[in-house]
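Some notes on the structure that comes next.
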Amino acid sequence: MSSPTDLPSHVRAIVDEIENEIGEDPSSIGATIEGAGRHPGNGKVEAAVHQILVEIGEDPDRQGLEGTPERVHRMYTELTAGYHVDPERLINGAIFDVAYSEMVIVKDIPFYSLCEHHLLPFFGTAAVAYIPRGRVIGLSKIPRIVEMYARRLQVQERLTQQIAEFVQERLEPQGVGVVIEATHLCAVMRGVRKPGTIMTTSSVLGLFRTRDRTRAEFLDHLARPAPGA
Ligand SMILES: [Zn+2]
């Protein structure tokens with residue numbers, strides 16, 4: 001992992017946005033994602049993308065493709081910015097002692113990730129639930145946890161597990177449940193074209209694993225449409 005200082009500014013901006021509360025640091029929000037300037041580095045990614053363009057029979061020098069190797073480099077570093085997020089800064093003291101022991105659920109969290117087998121996007125929504133054991137986390141942190149793990153090369157199963165384990169480790173709750181539903185472009189664009197194919201994964205820990213009633217309550221919440229939806 002790079003240290004925070006040697007990240008290109010457009011990647012730093014995304015990492016900051018995941019680590020910091022919205023509104024906490026206005027300068028970092030909506031920062032130059034498509035910023036100007038060359039992507040710093042040794043040019044190896046650019047050379048590799050250039051070579052791919054040649055190999056698929058394209059002319060890398062034609063106008064539309066001129067800036068493509070550099071744009072692709074920039075894009076991949078942005079889409080994998082989650083590797084550089086510091087979990088401590090993300091949490092940033094937002095764990096609170098509360099005598100609440102009912103289920104907390106955040107659902108319909110949109111995410112975009114890259115499948116590590118094809119480097120193509122998979123995207124959808126995540127639902128994260130836990131039953132506190134005296135400690136809760138600020139609600140706005142949960143989508144950031146999802147983002148931290150989604151902005152990496154992933155498989156959906158691992159993404160689901162990492163989110164659940166992170167909540168488990170940080171909060172030590174009575175249980176955690178995570179469900180992710182996603183569409184994989186590598187599946188819908190190639191081979192068997194089945195648009196609308198959605199893959200569902202889940203990871204359940206603690207009471208969500210051992211107590212049927214808890215799991216049923218969780219699934220029940222997921223089936224219910226969000227207010228106003
Ligand atoms: Zn794939």
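Here's how to read the names in the structure tokens: chain A, B, ... by the order shown, residue numbers from 1 in each chain, ligand numbers from 1 in the order shown.
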Legend entry - Environment of ligand 1 within 10 Å, counting only C-alpha atoms and all ligand atoms, reported as an MDAnalysis selection string: chainID A and resid 114:122 154:156 184:188 190
Go ahead and save the residues from that selection, with C-alpha atoms, as a CSV table (one decimal), in the first residue's frame.
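Output saved as again_28.csv:
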```
chain,number,residue,atom,x,y,z
A,114,LEU,CA,-14.5,-4.5,-10.3
A,115,CYS,CA,-14.5,-8.3,-10.7
A,116,GLU,CA,-11.0,-9.5,-10.3
A,117,HIS,CA,-11.4,-12.2,-13.0
A,118,HIS,CA,-12.2,-9.8,-15.9
A,119,LEU,CA,-11.6,-6.3,-14.5
A,120,LEU,CA,-15.2,-5.6,-15.5
A,121,PRO,CA,-17.7,-3.8,-13.2
A,122,PHE,CA,-20.2,-5.5,-11.0
A,154,GLN,CA,-13.2,-8.1,-5.8
A,155,VAL,CA,-15.3,-11.2,-6.0
A,156,GLN,CA,-18.8,-10.6,-4.6
A,184,HIS,CA,-21.9,-8.7,-13.2
A,185,LEU,CA,-21.0,-7.2,-16.6
A,186,CYS,CA,-18.7,-10.1,-17.2
A,187,ALA,CA,-21.7,-12.3,-17.1
A,188,VAL,CA,-24.2,-10.2,-18.9
A,190,ARG,CA,-20.2,-12.1,-22.5
```
Inset, instruction - Name the residues of stretch 29-140 of chain A that come out as strand (DSSP E) in a backbone DSSP run; write them as number ranges by chain. - result: A: 95-97, 104-115, 121-131, 135-137
Inset, instruction - Please identify all polymer residues within 8 Å of stretch 169-181 of chain A, counting only C-alpha atoms, omitting same-chain residues fewer than 2 positions from it, and present them as JSON, numbers by chain. - result: {"A": [95, 124, 125, 126, 127, 128, 129, 130, 131, 132, 133, 134, 135, 136, 137, 156, 160, 161, 163, 164, 165, 166, 167, 183, 198, 199, 200, 201, 202, 203, 204, 205, 206, 207, 208, 209, 215, 218]}
For the residues selected in the previous step, produce a file with N, CA and C atoms as a compact mmCIF listing (two decimals), in the first residue's frame.
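Written output follows (selection.txt):
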```txt
# COMPACT_ATOMS: atom_id res chain seq x y z
N ILE A 95 -17.81 5.51 16.96
CA ILE A 95 -18.40 4.36 17.64
C ILE A 95 -18.84 4.84 19.02
N GLY A 124 -24.46 -3.07 -7.64
CA GLY A 124 -25.79 -3.39 -7.11
C GLY A 124 -25.98 -2.69 -5.79
N THR A 125 -26.62 -3.40 -4.86
CA THR A 125 -26.88 -2.80 -3.55
C THR A 125 -26.48 -3.75 -2.43
N ALA A 126 -26.13 -3.14 -1.32
CA ALA A 126 -25.76 -3.91 -0.14
C ALA A 126 -26.72 -3.56 1.00
N ALA A 127 -26.97 -4.54 1.86
CA ALA A 127 -27.71 -4.31 3.09
C ALA A 127 -26.84 -4.81 4.23
N VAL A 128 -26.70 -3.98 5.25
CA VAL A 128 -25.84 -4.33 6.39
C VAL A 128 -26.68 -4.20 7.66
N ALA A 129 -26.68 -5.22 8.47
CA ALA A 129 -27.43 -5.19 9.72
C ALA A 129 -26.59 -5.74 10.86
N TYR A 130 -26.84 -5.25 12.05
CA TYR A 130 -26.17 -5.82 13.22
C TYR A 130 -27.03 -5.61 14.45
N ILE A 131 -26.76 -6.42 15.45
CA ILE A 131 -27.43 -6.25 16.75
C ILE A 131 -26.36 -5.82 17.74
N PRO A 132 -26.44 -4.58 18.21
CA PRO A 132 -25.37 -4.04 19.05
C PRO A 132 -25.21 -4.81 20.36
N ARG A 133 -24.00 -4.75 20.87
CA ARG A 133 -23.74 -5.22 22.24
C ARG A 133 -23.16 -4.02 22.98
N GLY A 134 -24.03 -3.00 23.15
CA GLY A 134 -23.60 -1.81 23.89
C GLY A 134 -22.88 -0.76 23.06
N ARG A 135 -22.60 -1.07 21.77
CA ARG A 135 -21.89 -0.08 20.97
C ARG A 135 -22.50 -0.02 19.57
N VAL A 136 -22.66 1.22 19.08
CA VAL A 136 -23.17 1.40 17.71
C VAL A 136 -22.18 2.26 16.93
N ILE A 137 -22.31 2.21 15.61
CA ILE A 137 -21.45 3.02 14.75
C ILE A 137 -22.34 4.06 14.05
N GLN A 156 -17.67 -11.05 -5.44
CA GLN A 156 -18.79 -10.60 -4.62
C GLN A 156 -18.83 -11.30 -3.25
N THR A 160 -18.73 -9.32 0.40
CA THR A 160 -19.78 -9.52 1.40
C THR A 160 -19.17 -9.88 2.76
N GLN A 161 -18.21 -10.81 2.72
CA GLN A 161 -17.58 -11.28 3.94
C GLN A 161 -16.74 -10.20 4.63
N ILE A 163 -17.09 -6.99 4.56
CA ILE A 163 -17.94 -5.99 5.21
C ILE A 163 -18.44 -6.54 6.55
N ALA A 164 -18.91 -7.79 6.54
CA ALA A 164 -19.43 -8.41 7.77
C ALA A 164 -18.33 -8.52 8.82
N GLU A 165 -17.15 -8.95 8.40
CA GLU A 165 -16.07 -9.13 9.37
C GLU A 165 -15.58 -7.80 9.93
N PHE A 166 -15.60 -6.78 9.11
CA PHE A 166 -15.18 -5.47 9.59
C PHE A 166 -16.11 -4.99 10.71
N VAL A 167 -17.42 -5.11 10.47
CA VAL A 167 -18.40 -4.69 11.49
C VAL A 167 -18.24 -5.55 12.75
N THR A 183 -25.25 -7.17 -10.28
CA THR A 183 -25.17 -7.57 -11.67
C THR A 183 -23.71 -7.54 -12.09
N ILE A 198 -29.10 -11.52 -11.59
CA ILE A 198 -28.62 -10.90 -10.36
C ILE A 198 -28.07 -11.99 -9.45
N MET A 199 -26.89 -11.71 -8.92
CA MET A 199 -26.29 -12.66 -7.98
C MET A 199 -26.47 -12.14 -6.57
N THR A 200 -26.88 -13.01 -5.70
CA THR A 200 -27.09 -12.64 -4.30
C THR A 200 -26.11 -13.40 -3.41
N THR A 201 -25.44 -12.69 -2.53
CA THR A 201 -24.54 -13.33 -1.57
C THR A 201 -24.88 -12.82 -0.18
N SER A 202 -24.59 -13.64 0.81
CA SER A 202 -24.85 -13.19 2.17
C SER A 202 -23.75 -13.69 3.09
N SER A 203 -23.57 -12.95 4.16
CA SER A 203 -22.63 -13.37 5.19
C SER A 203 -23.30 -13.08 6.53
N VAL A 204 -23.45 -14.11 7.35
CA VAL A 204 -24.12 -13.94 8.64
C VAL A 204 -23.21 -14.43 9.76
N LEU A 205 -23.10 -13.63 10.79
CA LEU A 205 -22.23 -13.96 11.92
C LEU A 205 -23.03 -13.84 13.22
N GLY A 206 -22.60 -14.54 14.24
CA GLY A 206 -23.23 -14.43 15.56
C GLY A 206 -24.69 -14.85 15.52
N LEU A 207 -25.54 -14.02 16.13
CA LEU A 207 -26.97 -14.37 16.23
C LEU A 207 -27.62 -14.54 14.86
N PHE A 208 -27.11 -13.84 13.85
CA PHE A 208 -27.69 -13.97 12.52
C PHE A 208 -27.46 -15.37 11.95
N ARG A 209 -26.43 -16.01 12.48
CA ARG A 209 -26.13 -17.37 12.03
C ARG A 209 -26.85 -18.39 12.90
N ARG A 215 -32.43 -14.15 11.88
CA ARG A 215 -32.22 -14.17 10.43
C ARG A 215 -33.52 -13.86 9.70
N PHE A 218 -34.28 -10.18 9.81
CA PHE A 218 -33.41 -9.49 8.85
C PHE A 218 -33.97 -9.61 7.43
```
Inset, instruction - May I have the residues within 9 Å of A:Gly82 as a list of chain:residue names, using only C-alpha atoms and disregarding those fewer than 4 positions away in the same chain? - result: A:Ile14, A:Val15, A:Ile18, A:Glu78, A:Asp86, A:Glu147, A:Met148, A:Tyr149, A:Ala150, A:Arg151, A:Arg152
Inset, instruction - Might you pull out every residue within 10 Å of A:Arg144, with only C-alpha atoms counted and same-chain residues fewer than 2 positions away left off, and present them as a PyMOL selection string? - result: chain A and resi 17-21+82+85+87+90-91+109+111+139-142+146-150
Legend entry - Separation of atom CA of A:Ala94 from atom CA of A:Gln162, in Å and rounded to one decimal: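 For atom CA of A:Ala94 relative to atom CA of A:Gln162, the distance reads 19.4 Å.
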Inset, instruction - Tell me which of A:Gly138, A:Ile145, A:Gly41, A:Thr77 sits closest to A:Ala13, counting only C-alpha atoms. - result: A:Thr77
Run DSSP on the backbone and give me the residues of stretch 101-226 of chain A it puts in alpha helix (DSSP H), as a PDB file with N, CA and C atoms, in the first residue's frame.
```pdb
ATOM      1  N   LYS A 141     -21.403   5.870   8.409  1.00  0.00           N
ATOM      2  CA  LYS A 141     -20.139   5.152   8.209  1.00  0.00           C
ATOM      3  C   LYS A 141     -20.348   3.851   7.448  1.00  0.00           C
ATOM      4  N   ILE A 142     -21.543   3.304   7.543  1.00  0.00           N
ATOM      5  CA  ILE A 142     -21.743   1.973   6.961  1.00  0.00           C
ATOM      6  C   ILE A 142     -21.601   1.969   5.433  1.00  0.00           C
ATOM      7  N   PRO A 143     -22.213   2.940   4.731  1.00  0.00           N
ATOM      8  CA  PRO A 143     -21.974   2.968   3.275  1.00  0.00           C
ATOM      9  C   PRO A 143     -20.499   3.181   2.934  1.00  0.00           C
ATOM     10  N   ARG A 144     -19.752   3.851   3.824  1.00  0.00           N
ATOM     11  CA  ARG A 144     -18.325   4.074   3.576  1.00  0.00           C
ATOM     12  C   ARG A 144     -17.520   2.799   3.719  1.00  0.00           C
ATOM     13  N   ILE A 145     -17.964   1.949   4.651  1.00  0.00           N
ATOM     14  CA  ILE A 145     -17.293   0.659   4.811  1.00  0.00           C
ATOM     15  C   ILE A 145     -17.492  -0.151   3.525  1.00  0.00           C
ATOM     16  N   VAL A 146     -18.730  -0.116   3.004  1.00  0.00           N
ATOM     17  CA  VAL A 146     -19.026  -0.816   1.751  1.00  0.00           C
ATOM     18  C   VAL A 146     -18.120  -0.276   0.628  1.00  0.00           C
ATOM     19  N   GLU A 147     -18.031   1.042   0.558  1.00  0.00           N
ATOM     20  CA  GLU A 147     -17.230   1.701  -0.482  1.00  0.00           C
ATOM     21  C   GLU A 147     -15.748   1.341  -0.379  1.00  0.00           C
ATOM     22  N   MET A 148     -15.251   1.292   0.839  1.00  0.00           N
ATOM     23  CA  MET A 148     -13.837   0.975   1.054  1.00  0.00           C
ATOM     24  C   MET A 148     -13.479  -0.392   0.459  1.00  0.00           C
ATOM     25  N   TYR A 149     -14.387  -1.362   0.629  1.00  0.00           N
ATOM     26  CA  TYR A 149     -14.101  -2.696   0.095  1.00  0.00           C
ATOM     27  C   TYR A 149     -14.527  -2.856  -1.363  1.00  0.00           C
ATOM     28  N   ALA A 150     -15.508  -2.057  -1.806  1.00  0.00           N
ATOM     29  CA  ALA A 150     -15.973  -2.175  -3.194  1.00  0.00           C
ATOM     30  C   ALA A 150     -14.950  -1.602  -4.166  1.00  0.00           C
ATOM     31  N   GLN A 156     -17.669 -11.049  -5.440  1.00  0.00           N
ATOM     32  CA  GLN A 156     -18.794 -10.604  -4.621  1.00  0.00           C
ATOM     33  C   GLN A 156     -18.828 -11.304  -3.254  1.00  0.00           C
ATOM     34  N   GLU A 157     -18.462 -12.578  -3.250  1.00  0.00           N
ATOM     35  CA  GLU A 157     -18.490 -13.345  -2.000  1.00  0.00           C
ATOM     36  C   GLU A 157     -17.550 -12.729  -0.961  1.00  0.00           C
ATOM     37  N   ARG A 158     -16.346 -12.371  -1.418  1.00  0.00           N
ATOM     38  CA  ARG A 158     -15.367 -11.811  -0.487  1.00  0.00           C
ATOM     39  C   ARG A 158     -15.773 -10.415  -0.020  1.00  0.00           C
ATOM     40  N   LEU A 159     -16.301  -9.620  -0.952  1.00  0.00           N
ATOM     41  CA  LEU A 159     -16.780  -8.288  -0.591  1.00  0.00           C
ATOM     42  C   LEU A 159     -17.793  -8.384   0.549  1.00  0.00           C
ATOM     43  N   THR A 160     -18.726  -9.320   0.397  1.00  0.00           N
ATOM     44  CA  THR A 160     -19.779  -9.518   1.402  1.00  0.00           C
ATOM     45  C   THR A 160     -19.173  -9.876   2.764  1.00  0.00           C
ATOM     46  N   GLN A 161     -18.211 -10.806   2.717  1.00  0.00           N
ATOM     47  CA  GLN A 161     -17.576 -11.278   3.944  1.00  0.00           C
ATOM     48  C   GLN A 161     -16.736 -10.198   4.627  1.00  0.00           C
ATOM     49  N   GLN A 162     -16.016  -9.450   3.820  1.00  0.00           N
ATOM     50  CA  GLN A 162     -15.139  -8.423   4.396  1.00  0.00           C
ATOM     51  C   GLN A 162     -15.945  -7.363   5.127  1.00  0.00           C
ATOM     52  N   ILE A 163     -17.088  -6.994   4.563  1.00  0.00           N
ATOM     53  CA  ILE A 163     -17.940  -5.990   5.214  1.00  0.00           C
ATOM     54  C   ILE A 163     -18.437  -6.539   6.551  1.00  0.00           C
ATOM     55  N   ALA A 164     -18.905  -7.793   6.540  1.00  0.00           N
ATOM     56  CA  ALA A 164     -19.427  -8.407   7.768  1.00  0.00           C
ATOM     57  C   ALA A 164     -18.327  -8.517   8.821  1.00  0.00           C
ATOM     58  N   GLU A 165     -17.147  -8.950   8.404  1.00  0.00           N
ATOM     59  CA  GLU A 165     -16.066  -9.134   9.367  1.00  0.00           C
ATOM     60  C   GLU A 165     -15.575  -7.804   9.935  1.00  0.00           C
ATOM     61  N   PHE A 166     -15.600  -6.782   9.108  1.00  0.00           N
ATOM     62  CA  PHE A 166     -15.180  -5.466   9.591  1.00  0.00           C
ATOM     63  C   PHE A 166     -16.111  -4.986  10.706  1.00  0.00           C
ATOM     64  N   VAL A 167     -17.419  -5.112  10.472  1.00  0.00           N
ATOM     65  CA  VAL A 167     -18.398  -4.691  11.487  1.00  0.00           C
ATOM     66  C   VAL A 167     -18.237  -5.550  12.747  1.00  0.00           C
ATOM     67  N   GLN A 168     -18.012  -6.828  12.540  1.00  0.00           N
ATOM     68  CA  GLN A 168     -17.833  -7.744  13.667  1.00  0.00           C
ATOM     69  C   GLN A 168     -16.611  -7.342  14.509  1.00  0.00           C
ATOM     70  N   GLU A 169     -15.500  -7.087  13.842  1.00  0.00           N
ATOM     71  CA  GLU A 169     -14.265  -6.750  14.565  1.00  0.00           C
ATOM     72  C   GLU A 169     -14.362  -5.414  15.283  1.00  0.00           C
ATOM     73  N   ARG A 170     -14.944  -4.426  14.610  1.00  0.00           N
ATOM     74  CA  ARG A 170     -14.928  -3.081  15.178  1.00  0.00           C
ATOM     75  C   ARG A 170     -15.956  -2.885  16.276  1.00  0.00           C
ATOM     76  N   LEU A 171     -17.140  -3.525  16.118  1.00  0.00           N
ATOM     77  CA  LEU A 171     -18.230  -3.281  17.063  1.00  0.00           C
ATOM     78  C   LEU A 171     -18.419  -4.420  18.064  1.00  0.00           C
ATOM     79  N   LEU A 185     -21.121  -7.424 -15.102  1.00  0.00           N
ATOM     80  CA  LEU A 185     -21.043  -7.178 -16.551  1.00  0.00           C
ATOM     81  C   LEU A 185     -20.304  -8.298 -17.268  1.00  0.00           C
ATOM     82  N   CYS A 186     -19.369  -8.958 -16.583  1.00  0.00           N
ATOM     83  CA  CYS A 186     -18.660 -10.065 -17.244  1.00  0.00           C
ATOM     84  C   CYS A 186     -19.623 -11.200 -17.559  1.00  0.00           C
ATOM     85  N   ALA A 187     -20.717 -11.276 -16.806  1.00  0.00           N
ATOM     86  CA  ALA A 187     -21.711 -12.318 -17.082  1.00  0.00           C
ATOM     87  C   ALA A 187     -22.730 -11.844 -18.116  1.00  0.00           C
ATOM     88  N   VAL A 188     -23.165 -10.591 -18.024  1.00  0.00           N
ATOM     89  CA  VAL A 188     -24.231 -10.156 -18.931  1.00  0.00           C
ATOM     90  C   VAL A 188     -23.713  -9.710 -20.292  1.00  0.00           C
ATOM     91  N   LEU A 207     -25.543 -14.023  16.129  1.00  0.00           N
ATOM     92  CA  LEU A 207     -26.966 -14.370  16.226  1.00  0.00           C
ATOM     93  C   LEU A 207     -27.624 -14.541  14.862  1.00  0.00           C
ATOM     94  N   PHE A 208     -27.109 -13.839  13.854  1.00  0.00           N
ATOM     95  CA  PHE A 208     -27.693 -13.967  12.517  1.00  0.00           C
ATOM     96  C   PHE A 208     -27.460 -15.366  11.953  1.00  0.00           C
ATOM     97  N   ARG A 209     -26.427 -16.009  12.485  1.00  0.00           N
ATOM     98  CA  ARG A 209     -26.132 -17.367  12.034  1.00  0.00           C
ATOM     99  C   ARG A 209     -26.853 -18.391  12.905  1.00  0.00           C
ATOM    100  N   THR A 210     -26.857 -18.129  14.225  1.00  0.00           N
ATOM    101  CA  THR A 210     -27.322 -19.169  15.142  1.00  0.00           C
ATOM    102  C   THR A 210     -28.814 -19.092  15.461  1.00  0.00           C
ATOM    103  N   ASP A 212     -32.588 -18.522  14.192  1.00  0.00           N
ATOM    104  CA  ASP A 212     -33.489 -18.434  13.033  1.00  0.00           C
ATOM    105  C   ASP A 212     -34.342 -17.178  13.069  1.00  0.00           C
ATOM    106  N   ARG A 213     -34.812 -16.851  14.265  1.00  0.00           N
ATOM    107  CA  ARG A 213     -35.700 -15.694  14.429  1.00  0.00           C
ATOM    108  C   ARG A 213     -34.999 -14.401  13.975  1.00  0.00           C
ATOM    109  N   THR A 214     -33.720 -14.276  14.319  1.00  0.00           N
ATOM    110  CA  THR A 214     -32.961 -13.073  13.949  1.00  0.00           C
ATOM    111  C   THR A 214     -32.782 -13.001  12.435  1.00  0.00           C
ATOM    112  N   ARG A 215     -32.425 -14.145  11.875  1.00  0.00           N
ATOM    113  CA  ARG A 215     -32.218 -14.174  10.426  1.00  0.00           C
ATOM    114  C   ARG A 215     -33.520 -13.861   9.701  1.00  0.00           C
ATOM    115  N   ALA A 216     -34.610 -14.402  10.212  1.00  0.00           N
ATOM    116  CA  ALA A 216     -35.918 -14.173   9.588  1.00  0.00           C
ATOM    117  C   ALA A 216     -36.301 -12.694   9.670  1.00  0.00           C
ATOM    118  N   GLU A 217     -36.012 -12.082  10.824  1.00  0.00           N
ATOM    119  CA  GLU A 217     -36.322 -10.656  10.989  1.00  0.00           C
ATOM    120  C   GLU A 217     -35.532  -9.821   9.975  1.00  0.00           C
ATOM    121  N   PHE A 218     -34.284 -10.184   9.807  1.00  0.00           N
ATOM    122  CA  PHE A 218     -33.414  -9.489   8.851  1.00  0.00           C
ATOM    123  C   PHE A 218     -33.968  -9.614   7.427  1.00  0.00           C
ATOM    124  N   LEU A 219     -34.259 -10.827   7.025  1.00  0.00           N
ATOM    125  CA  LEU A 219     -34.749 -11.055   5.658  1.00  0.00           C
ATOM    126  C   LEU A 219     -36.096 -10.366   5.436  1.00  0.00           C
ATOM    127  N   ASP A 220     -36.880 -10.331   6.504  1.00  0.00           N
ATOM    128  CA  ASP A 220     -38.169  -9.658   6.460  1.00  0.00           C
ATOM    129  C   ASP A 220     -38.003  -8.169   6.169  1.00  0.00           C
ATOM    130  N   HIS A 221     -37.045  -7.572   6.834  1.00  0.00           N
ATOM    131  CA  HIS A 221     -36.743  -6.146   6.614  1.00  0.00           C
ATOM    132  C   HIS A 221     -36.307  -5.917   5.173  1.00  0.00           C
ATOM    133  N   LEU A 222     -35.519  -6.846   4.641  1.00  0.00           N
ATOM    134  CA  LEU A 222     -35.000  -6.669   3.285  1.00  0.00           C
ATOM    135  C   LEU A 222     -36.113  -6.757   2.254  1.00  0.00           C
ATOM    136  N   ALA A 223     -37.127  -7.561   2.556  1.00  0.00           N
ATOM    137  CA  ALA A 223     -38.216  -7.750   1.601  1.00  0.00           C
ATOM    138  C   ALA A 223     -39.147  -6.545   1.564  1.00  0.00           C
TER     139      ALA A 223
END
```
